[in-house]
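Participant: Sending over structure-v1.cif (mmCIF, C-alpha atoms (C1' of nucleotides)).
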```cif
data_upload
#
loop_
_atom_site.group_PDB
_atom_site.id
_atom_site.type_symbol
_atom_site.label_atom_id
_atom_site.label_comp_id
_atom_site.auth_asym_id
_atom_site.auth_seq_id
_atom_site.Cartn_x
_atom_site.Cartn_y
_atom_site.Cartn_z
ATOM 1 C CA MET A 1 -51.736 103.654 146.063
ATOM 2 C CA ASN A 2 -53.238 101.003 148.267
ATOM 3 C CA ASN A 3 -52.378 97.437 149.101
ATOM 4 C CA LYS A 4 -54.569 95.850 146.467
ATOM 5 C CA PRO A 5 -52.238 94.500 143.840
ATOM 6 C CA ILE A 6 -54.848 93.100 141.514
ATOM 7 C CA ILE A 7 -57.368 94.457 139.047
ATOM 8 C CA HIS A 8 -60.251 94.607 141.487
ATOM 9 C CA THR A 9 -61.626 98.047 140.878
ATOM 10 C CA LYS A 10 -64.883 98.758 142.593
ATOM 11 C CA GLU A 11 -66.768 99.084 139.330
ATOM 12 C CA ALA A 12 -65.422 95.850 137.889
ATOM 13 C CA CYS A 13 -66.382 94.029 141.041
ATOM 14 C CA ASN A 14 -69.861 95.468 140.995
ATOM 15 C CA ALA A 15 -70.339 94.508 137.374
ATOM 16 C CA ALA A 16 -69.147 91.010 138.178
ATOM 17 C CA VAL A 17 -71.450 90.720 141.143
ATOM 18 C CA ASN A 18 -74.343 91.861 139.004
ATOM 19 C CA ALA A 19 -73.540 89.368 136.295
ATOM 20 C CA VAL A 20 -73.452 86.605 138.865
ATOM 21 C CA ARG A 21 -76.742 87.746 140.284
ATOM 22 C CA ASP A 22 -78.310 87.680 136.842
ATOM 23 C CA THR A 23 -77.231 84.092 136.495
ATOM 24 C CA LEU A 24 -78.529 83.221 139.926
ATOM 25 C CA TYR A 25 -81.799 84.867 139.115
ATOM 26 C CA VAL A 26 -82.583 83.104 135.873
ATOM 27 C CA VAL A 27 -82.192 79.597 137.250
ATOM 28 C CA ASN A 28 -83.420 80.273 140.716
ATOM 29 C CA GLY A 29 -86.669 79.113 142.195
ATOM 30 C CA LYS A 30 -88.256 75.808 142.829
ATOM 31 C CA TRP A 31 -89.195 74.795 139.310
ATOM 32 C CA LYS A 32 -86.939 76.242 136.630
ATOM 33 C CA LEU A 33 -84.328 73.516 136.728
ATOM 34 C CA PRO A 34 -86.757 70.602 136.943
ATOM 35 C CA MET A 35 -88.617 72.106 134.002
ATOM 36 C CA LEU A 36 -85.507 72.385 131.885
ATOM 37 C CA VAL A 37 -84.609 68.853 132.839
ATOM 38 C CA SER A 38 -88.040 67.607 131.953
ATOM 39 C CA LEU A 39 -87.853 69.268 128.553
ATOM 40 C CA MET A 40 -84.577 67.538 127.810
ATOM 41 C CA THR A 41 -86.443 64.413 126.793
ATOM 42 C CA GLY A 42 -88.321 66.289 124.135
ATOM 43 C CA PRO A 43 -91.043 68.887 123.558
ATOM 44 C CA LYS A 44 -93.963 68.732 125.926
ATOM 45 C CA ARG A 45 -97.446 70.116 126.273
ATOM 46 C CA PHE A 46 -98.577 72.133 129.230
ATOM 47 C CA LYS A 47 -100.464 69.283 130.810
ATOM 48 C CA GLU A 48 -97.602 66.879 130.289
ATOM 49 C CA LEU A 49 -95.259 69.198 132.134
ATOM 50 C CA GLN A 50 -97.748 69.615 134.914
ATOM 51 C CA ARG A 51 -97.988 65.853 135.293
ATOM 52 C CA GLU A 52 -94.241 65.338 135.267
ATOM 53 C CA LEU A 53 -93.582 68.071 137.779
ATOM 54 C CA GLU A 54 -96.340 66.773 140.005
ATOM 55 C CA SER A 55 -97.639 69.280 142.516
ATOM 56 C CA ILE A 56 -96.966 72.374 140.479
ATOM 57 C CA THR A 57 -100.080 74.478 140.017
ATOM 58 C CA PRO A 58 -101.049 75.741 136.572
ATOM 59 C CA LYS A 59 -100.569 79.348 137.556
ATOM 60 C CA VAL A 60 -97.039 78.798 138.694
ATOM 61 C CA LEU A 61 -96.241 76.579 135.740
ATOM 62 C CA SER A 62 -97.549 79.238 133.409
ATOM 63 C CA LYS A 63 -95.488 81.944 135.047
ATOM 64 C CA GLU A 64 -92.343 79.855 135.076
ATOM 65 C CA LEU A 65 -92.833 79.007 131.413
ATOM 66 C CA ARG A 66 -93.104 82.691 130.613
ATOM 67 C CA ASP A 67 -89.923 83.409 132.526
ATOM 68 C CA LEU A 68 -88.031 80.686 130.732
ATOM 69 C CA GLU A 69 -89.335 81.916 127.404
ATOM 70 C CA LEU A 70 -88.322 85.511 128.125
ATOM 71 C CA ASN A 71 -84.822 84.293 128.876
ATOM 72 C CA GLY A 72 -84.750 82.402 125.607
ATOM 73 C CA PHE A 73 -84.476 78.967 127.196
ATOM 74 C CA ILE A 74 -87.649 77.574 125.719
ATOM 75 C CA LYS A 75 -89.831 78.141 122.702
ATOM 76 C CA ARG A 76 -93.600 78.198 122.876
ATOM 77 C CA THR A 77 -95.565 77.166 119.806
ATOM 78 C CA VAL A 78 -99.318 77.320 119.443
ATOM 79 C CA TYR A 79 -100.941 74.979 116.978
ATOM 80 C CA ASP A 80 -104.287 76.039 115.625
ATOM 81 C CA THR A 81 -106.245 72.939 116.434
ATOM 82 C CA THR A 82 -109.492 72.838 118.354
ATOM 83 C CA PRO A 83 -108.848 73.061 121.147
ATOM 84 C CA VAL A 84 -105.481 74.667 120.652
ATOM 85 C CA THR A 85 -102.328 72.681 121.239
ATOM 86 C CA VAL A 86 -99.402 74.384 122.881
ATOM 87 C CA ILE A 87 -95.950 72.884 122.706
ATOM 88 C CA TYR A 88 -92.957 73.892 124.768
ATOM 89 C CA GLU A 89 -89.445 72.922 123.803
ATOM 90 C CA ARG A 90 -85.897 73.721 124.843
ATOM 91 C CA THR A 91 -83.902 76.018 122.640
ATOM 92 C CA ASP A 92 -80.232 75.531 121.846
ATOM 93 C CA TYR A 93 -79.543 78.529 124.006
ATOM 94 C CA ALA A 94 -80.639 76.547 127.038
ATOM 95 C CA ASP A 95 -77.578 74.385 126.488
ATOM 96 C CA SER A 96 -75.357 77.375 127.101
ATOM 97 C CA LEU A 97 -76.158 76.891 130.755
ATOM 98 C CA SER A 98 -74.566 73.490 130.914
ATOM 99 C CA ASN A 99 -71.150 74.693 132.051
ATOM 100 C CA VAL A 100 -72.591 76.742 134.869
ATOM 101 C CA ILE A 101 -74.969 74.009 135.878
ATOM 102 C CA ASN A 102 -72.237 71.412 135.914
ATOM 103 C CA GLU A 103 -69.981 73.561 138.044
ATOM 104 C CA MET A 104 -72.821 74.177 140.421
ATOM 105 C CA ARG A 105 -73.718 70.524 140.578
ATOM 106 C CA GLU A 106 -70.156 69.525 141.284
ATOM 107 C CA TRP A 107 -69.573 72.205 143.864
ATOM 108 C CA GLY A 108 -72.890 71.413 145.544
ATOM 109 C CA MET A 109 -71.970 67.779 145.891
ATOM 110 C CA ASN A 110 -68.570 68.571 147.356
ATOM 111 C CA HIS A 111 -70.112 71.089 149.646
ATOM 112 C CA ARG A 112 -72.458 68.517 151.080
ATOM 113 C CA GLU A 113 -69.436 66.453 152.071
ATOM 114 C CA HIS A 114 -67.673 69.502 153.426
ATOM 115 C CA ILE A 115 -70.611 70.390 155.658
ATOM 116 C CA LYS A 116 -70.782 66.846 156.962
ATOM 117 C CA GLN A 117 -67.098 66.964 157.803
ATOM 118 C CA MET A 118 -67.528 70.300 159.549
ATOM 119 C CA SER A 119 -70.236 68.982 161.810
ATOM 120 C CA ARG A 120 -68.194 65.872 162.554
ATOM 121 C CA ASP A 121 -65.246 68.059 163.567
ATOM 122 C CA GLU A 122 -67.500 70.145 165.715
ATOM 123 C CA ALA A 123 -68.901 67.077 167.440
ATOM 124 C CA GLU A 124 -65.359 65.955 168.216
ATOM 125 C CA ALA A 125 -64.574 69.350 169.683
ATOM 126 C CA ARG A 126 -67.647 69.242 171.902
ATOM 127 C CA LYS A 127 -66.720 65.772 173.114
ATOM 128 C CA ALA A 128 -63.229 66.949 174.006
ATOM 129 C CA VAL A 129 -64.656 69.801 176.032
ATOM 130 C CA ALA A 130 -67.222 67.597 177.711
ATOM 131 C CA VAL A 131 -64.492 65.321 179.036
ATOM 132 C CA MET B 1 -87.097 50.178 127.923
ATOM 133 C CA ASN B 2 -87.850 53.729 126.959
ATOM 134 C CA ASN B 3 -86.419 56.163 124.474
ATOM 135 C CA LYS B 4 -83.924 57.796 126.801
ATOM 136 C CA PRO B 5 -80.526 56.657 125.605
ATOM 137 C CA ILE B 6 -78.388 58.419 128.178
ATOM 138 C CA ILE B 7 -77.572 57.981 131.831
ATOM 139 C CA HIS B 8 -80.276 60.294 133.050
ATOM 140 C CA THR B 9 -82.012 58.189 135.606
ATOM 141 C CA LYS B 10 -84.636 60.003 137.578
ATOM 142 C CA GLU B 11 -82.688 59.672 140.807
ATOM 143 C CA ALA B 12 -79.428 60.934 139.363
ATOM 144 C CA CYS B 13 -81.221 63.933 137.921
ATOM 145 C CA ASN B 14 -82.884 64.707 141.202
ATOM 146 C CA ALA B 15 -79.620 64.470 143.057
ATOM 147 C CA ALA B 16 -78.041 66.770 140.503
ATOM 148 C CA VAL B 17 -80.871 69.243 140.758
ATOM 149 C CA ASN B 18 -80.558 69.225 144.511
ATOM 150 C CA ALA B 19 -76.822 69.789 144.372
ATOM 151 C CA VAL B 20 -77.337 72.724 142.057
ATOM 152 C CA ARG B 21 -79.975 74.114 144.358
ATOM 153 C CA ASP B 22 -77.618 73.857 147.305
ATOM 154 C CA THR B 23 -75.099 75.911 145.397
ATOM 155 C CA LEU B 24 -77.700 78.453 144.413
ATOM 156 C CA TYR B 25 -78.856 78.688 147.962
ATOM 157 C CA VAL B 26 -75.529 79.364 149.624
ATOM 158 C CA VAL B 27 -74.624 82.327 147.447
ATOM 159 C CA ASN B 28 -78.088 83.627 146.882
ATOM 160 C CA GLY B 29 -79.517 86.824 148.213
ATOM 161 C CA LYS B 30 -78.622 90.427 148.027
ATOM 162 C CA TRP B 31 -75.624 90.488 150.315
ATOM 163 C CA LYS B 32 -73.651 87.242 150.371
ATOM 164 C CA LEU B 33 -71.506 87.965 147.351
ATOM 165 C CA PRO B 34 -70.768 91.595 148.215
ATOM 166 C CA MET B 35 -69.788 90.437 151.674
ATOM 167 C CA LEU B 36 -67.389 87.829 150.361
ATOM 168 C CA VAL B 37 -65.971 90.399 147.986
ATOM 169 C CA SER B 38 -65.563 92.909 150.741
ATOM 170 C CA LEU B 39 -63.713 90.387 152.861
ATOM 171 C CA MET B 40 -61.261 89.711 150.041
ATOM 172 C CA THR B 41 -59.288 92.790 151.002
ATOM 173 C CA GLY B 42 -58.712 91.478 154.473
ATOM 174 C CA PRO B 43 -60.424 90.735 157.787
ATOM 175 C CA LYS B 44 -63.044 93.201 158.868
ATOM 176 C CA ARG B 45 -65.022 94.117 161.918
ATOM 177 C CA PHE B 46 -68.791 94.160 162.046
ATOM 178 C CA LYS B 47 -69.046 97.918 161.790
ATOM 179 C CA GLU B 48 -66.541 98.064 158.966
ATOM 180 C CA LEU B 49 -68.600 95.638 156.951
ATOM 181 C CA GLN B 50 -71.738 97.585 157.669
ATOM 182 C CA ARG B 51 -70.083 100.747 156.415
ATOM 183 C CA GLU B 52 -68.738 99.132 153.270
ATOM 184 C CA LEU B 53 -72.025 97.496 152.394
ATOM 185 C CA GLU B 54 -73.852 100.741 153.002
ATOM 186 C CA SER B 55 -77.574 100.340 153.593
ATOM 187 C CA ILE B 56 -77.433 96.894 155.105
ATOM 188 C CA THR B 57 -79.099 96.802 158.503
ATOM 189 C CA PRO B 58 -77.303 95.220 161.441
ATOM 190 C CA LYS B 59 -79.936 92.543 161.773
ATOM 191 C CA VAL B 60 -79.528 91.399 158.213
ATOM 192 C CA LEU B 61 -75.759 91.666 158.349
ATOM 193 C CA SER B 62 -75.713 89.559 161.467
ATOM 194 C CA LYS B 63 -77.880 86.894 159.891
ATOM 195 C CA GLU B 64 -75.895 86.803 156.666
ATOM 196 C CA LEU B 65 -72.656 86.506 158.620
ATOM 197 C CA ARG B 66 -74.088 83.553 160.489
ATOM 198 C CA ASP B 67 -75.104 81.916 157.216
ATOM 199 C CA LEU B 68 -71.667 82.405 155.710
ATOM 200 C CA GLU B 69 -70.038 81.048 158.832
ATOM 201 C CA LEU B 70 -72.265 77.977 158.865
ATOM 202 C CA ASN B 71 -71.238 77.260 155.308
ATOM 203 C CA GLY B 72 -67.597 77.598 156.256
ATOM 204 C CA PHE B 73 -66.906 80.628 154.080
ATOM 205 C CA ILE B 74 -65.874 82.920 156.888
ATOM 206 C CA LYS B 75 -64.373 82.630 160.348
ATOM 207 C CA ARG B 76 -65.561 84.669 163.296
ATOM 208 C CA THR B 77 -63.124 85.519 166.048
ATOM 209 C CA VAL B 78 -63.926 87.323 169.264
ATOM 210 C CA TYR B 79 -61.153 89.243 171.005
ATOM 211 C CA ASP B 80 -61.549 89.819 174.679
ATOM 212 C CA THR B 81 -61.122 93.559 174.761
ATOM 213 C CA THR B 82 -63.495 96.081 176.302
ATOM 214 C CA PRO B 83 -65.666 96.434 174.475
ATOM 215 C CA VAL B 84 -65.244 93.179 172.638
ATOM 216 C CA THR B 85 -63.766 93.181 169.170
ATOM 217 C CA VAL B 86 -65.131 90.757 166.600
ATOM 218 C CA ILE B 87 -63.245 89.998 163.437
ATOM 219 C CA TYR B 88 -64.610 88.280 160.353
ATOM 220 C CA GLU B 89 -62.347 86.818 157.727
ATOM 221 C CA ARG B 90 -62.611 84.646 154.663
ATOM 222 C CA THR B 91 -61.547 81.043 154.935
ATOM 223 C CA ASP B 92 -59.649 79.173 152.258
ATOM 224 C CA TYR B 93 -62.784 77.218 151.615
ATOM 225 C CA ALA B 94 -64.440 80.354 150.306
ATOM 226 C CA ASP B 95 -61.990 80.179 147.418
ATOM 227 C CA SER B 96 -63.494 76.881 146.355
ATOM 228 C CA LEU B 97 -66.360 78.917 144.988
ATOM 229 C CA SER B 98 -64.203 80.718 142.468
ATOM 230 C CA ASN B 99 -64.856 78.323 139.605
ATOM 231 C CA VAL B 100 -68.597 78.488 140.041
ATOM 232 C CA ILE B 101 -68.579 82.228 140.492
ATOM 233 C CA ASN B 102 -66.456 82.752 137.422
ATOM 234 C CA GLU B 103 -68.717 80.605 135.300
ATOM 235 C CA MET B 104 -71.719 82.474 136.577
ATOM 236 C CA ARG B 105 -70.104 85.829 135.957
ATOM 237 C CA GLU B 106 -69.172 84.896 132.432
ATOM 238 C CA TRP B 107 -72.523 83.400 131.593
ATOM 239 C CA GLY B 108 -74.306 86.385 133.129
ATOM 240 C CA MET B 109 -72.363 88.802 130.988
ATOM 241 C CA ASN B 110 -73.044 86.854 127.823
ATOM 242 C CA HIS B 111 -76.671 86.539 128.759
ATOM 243 C CA ARG B 112 -77.025 90.284 129.038
ATOM 244 C CA GLU B 113 -75.877 90.576 125.440
ATOM 245 C CA HIS B 114 -78.151 87.761 124.406
ATOM 246 C CA ILE B 115 -81.190 89.414 125.934
ATOM 247 C CA LYS B 116 -80.331 92.693 124.250
ATOM 248 C CA GLN B 117 -80.100 90.927 120.921
ATOM 249 C CA MET B 118 -83.428 89.205 121.517
ATOM 250 C CA SER B 119 -85.211 92.477 122.165
ATOM 251 C CA ARG B 120 -83.578 94.042 119.125
ATOM 252 C CA ASP B 121 -84.823 91.175 116.981
ATOM 253 C CA GLU B 122 -88.261 91.548 118.453
ATOM 254 C CA ALA B 123 -88.305 95.267 117.736
ATOM 255 C CA GLU B 124 -87.396 94.539 114.142
ATOM 256 C CA ALA B 125 -90.231 92.062 113.901
ATOM 257 C CA ARG B 126 -92.703 94.583 115.270
ATOM 258 C CA LYS B 127 -91.518 97.220 112.840
ATOM 259 C CA ALA B 128 -92.021 94.826 109.948
ATOM 260 C CA VAL B 129 -95.568 94.109 111.078
ATOM 261 C CA ALA B 130 -96.346 97.762 111.673
ATOM 262 C CA VAL B 131 -95.471 98.625 108.109
ATOM 263 C "C1'" DC C 1 -107.010 71.618 127.133
ATOM 264 C "C1'" DC C 2 -104.457 75.817 128.308
ATOM 265 C "C1'" DG C 3 -104.188 78.816 130.934
ATOM 266 C "C1'" DG C 4 -105.946 83.820 133.311
ATOM 267 C "C1'" DA C 5 -107.846 86.117 137.531
ATOM 268 C "C1'" DT C 6 -108.344 86.432 142.290
ATOM 269 C "C1'" DC C 7 -107.570 85.683 147.024
ATOM 270 C "C1'" DC C 8 -104.527 84.218 150.775
ATOM 271 C "C1'" DG C 9 -100.935 82.811 153.971
ATOM 272 C "C1'" DC C 10 -95.959 82.667 154.742
ATOM 273 C "C1'" DC C 11 -91.513 83.979 154.802
ATOM 274 C "C1'" DT C 12 -88.157 87.218 155.074
ATOM 275 C "C1'" DA C 13 -85.872 91.740 154.272
ATOM 276 C "C1'" DG C 14 -86.026 96.070 156.042
ATOM 277 C "C1'" DA C 15 -86.957 100.014 159.378
ATOM 278 C "C1'" DT C 16 -86.528 101.412 163.887
ATOM 279 C "C1'" DA C 17 -85.368 101.204 168.491
ATOM 280 C "C1'" DC C 18 -82.795 99.321 172.085
ATOM 281 C "C1'" DT C 19 -79.004 96.621 175.027
ATOM 282 C "C1'" DG C 20 -74.495 94.756 177.111
ATOM 283 C "C1'" DC D 1 -68.858 98.360 169.250
ATOM 284 C "C1'" DA D 2 -71.554 94.338 168.158
ATOM 285 C "C1'" DG D 3 -75.262 92.973 167.891
ATOM 286 C "C1'" DT D 4 -80.861 91.856 169.505
ATOM 287 C "C1'" DA D 5 -86.064 92.910 169.660
ATOM 288 C "C1'" DT D 6 -90.173 94.204 167.516
ATOM 289 C "C1'" DC D 7 -92.968 95.518 163.913
ATOM 290 C "C1'" DT D 8 -94.214 96.069 159.183
ATOM 291 C "C1'" DA D 9 -94.472 95.306 154.070
ATOM 292 C "C1'" DG D 10 -94.264 93.035 149.919
ATOM 293 C "C1'" DG D 11 -93.246 89.322 147.007
ATOM 294 C "C1'" DC D 12 -93.835 84.536 146.112
ATOM 295 C "C1'" DG D 13 -95.964 80.245 146.016
ATOM 296 C "C1'" DG D 14 -100.238 77.922 146.453
ATOM 297 C "C1'" DA D 15 -105.522 77.159 146.166
ATOM 298 C "C1'" DT D 16 -109.528 77.922 143.865
ATOM 299 C "C1'" DC D 17 -112.496 79.520 140.518
ATOM 300 C "C1'" DC D 18 -113.310 81.115 135.800
ATOM 301 C "C1'" DG D 19 -112.960 81.608 130.527
ATOM 302 C "C1'" DG D 20 -111.545 80.907 125.604
#
```
Would you encode the structure as structure tokens?
Facilitator:
Amino acid sequence: MNNKPIIHTKEACNAAVNAVRDTLYVVNGKWKLPMLVSLMTGPKRFKELQRELESITPKVLSKELRDLELNGFIKRTVYDTTPVTVIYERTDYADSLSNVINEMREWGMNHREHIKQMSRDEAEARKAVAV
Amino acid sequence: MNNKPIIHTKEACNAAVNAVRDTLYVVNGKWKLPMLVSLMTGPKRFKELQRELESITPKVLSKELRDLELNGFIKRTVYDTTPVTVIYERTDYADSLSNVINEMREWGMNHREHIKQMSRDEAEARKAVAV
DNA sequence: CCGGATCCGCCTAGATACTG
DNA sequence: CAGTATCTAGGCGGATCCGG
């Protein structure tokens, strides 16, 4: 019918775009990744996380922890001491992100080089014009 | 020195986190992916893109196009007609994203199922308590 | 100690109107 | 046609104070 030879129906593309956006959403923001990284060395208490992430405010930390919990990346456990002790720890499910994260890390590093090269090329072009 | 057996130095982790954030940043937002998808079927003019992406405003489209161009994902060409014709097209470099995008798409789809399962489990738990 | 509640400033997407 | 100019709104991150 048209010149698109492949399986790119509009609906499939939209579903794909949405799936990608979901992924973007769950790891996006300033703190989510550092938090998951910080929890890789073991379970932590609220205050410990706050100290490690230096400069995060309790409100934001609390919200981010809730987000991560809702997505199943961390588990929150309350111990009935006085005062209460709250422990946060990574779940196994958090590891399911590793492929995505690695791809992103790798691409991001290459991209940094690519951008540098682009601006070098551009500088050369400007020089050529200037002469 | 400490109990971390692996190669996770603080600096390496930070660099990794930054690389990941770069990747997140360049494809983030409501429009970047749909735009790249739309340009997969061939070069397009400004107005064509606006029509395909229905509901994007020219200001936002213009900004997003600039972003994509700065990252080297698209090429902008001005033809000296009256009135001027401007053509946007994907670069080969845009294809370098395919691995990342595919991983994200796949993970996003699985995650949707995972979330569903989590809420089902939770509903079960509530039912058990209610009885 | 672990947060919740409230207020506040910023950034940016969007709406609308306009220009070369 | 291919954008720019101006204004507004709302969401997010931060600061500060409060409570269990």
Participant: Please compute the atom CA of B:Ser55-atom CA of B:Ile101 distance, one decimal, in Å.
Facilitator: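 Separation of atom CA of B:Ser55 and atom CA of B:Ile101: 24.1 Å.
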Participant: Would you kindly report the residues of chain A within 12 Å of chain D, using all atoms listed in the file, as number ranges by chain?
Facilitator: A: 29-31, 55-61, 63-64, 82-84
Participant: Mind telling me what the PyMOL selection byres ((chain B and resi 65) around 9) catches here, as a PyMOL selection string?
Facilitator: chain B and resi 32+35+60-64+66-70+74+76+88
Participant: Could you tell me, as a list of chain:residue names, exactly which residues end up selected when the PyMOL selection byres ((chain C) within 8 of (chain A)) is applied to this structure?
Facilitator: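 That expression, the PyMOL selection byres ((chain C) within 8 of (chain A)), corresponds here to C:DC1, C:DC2, C:DG3.
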Participant: Apply the PyMOL selection byres ((chain B) within 9 of (chain A)) to the structure shown and report the selected residues as an MDAnalysis selection string.
Facilitator: chainID B and resid 3:4 13:25 27:30 33:34 37 41 70:72 96:97 99:112 114:115 118
Participant: Suppose you want the space between atom CA of A:Leu39 and atom CA of A:Arg90; what is it in Å?
Facilitator: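 Interatomic distance here is 6.1 Å.
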Participant: Quick one: distance from atom CA of B:Lys44 to atom CA of B:Val78 in Å, one decimal?
Facilitator: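 So the answer is 12.0 Å.
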Participant: Would you compute the box with edges along x, y and z of the file around stretch 111-126 of chain B, including every atom the file lists for it and 4 Å extra on each side, and give its centre and edge lengths in Å to one decimal, as JSON?
Facilitator:
```
{"center_x": -84.3, "center_y": 90.9, "center_z": 121.5, "size_x": 24.8, "size_y": 16.7, "size_z": 23.1}
```
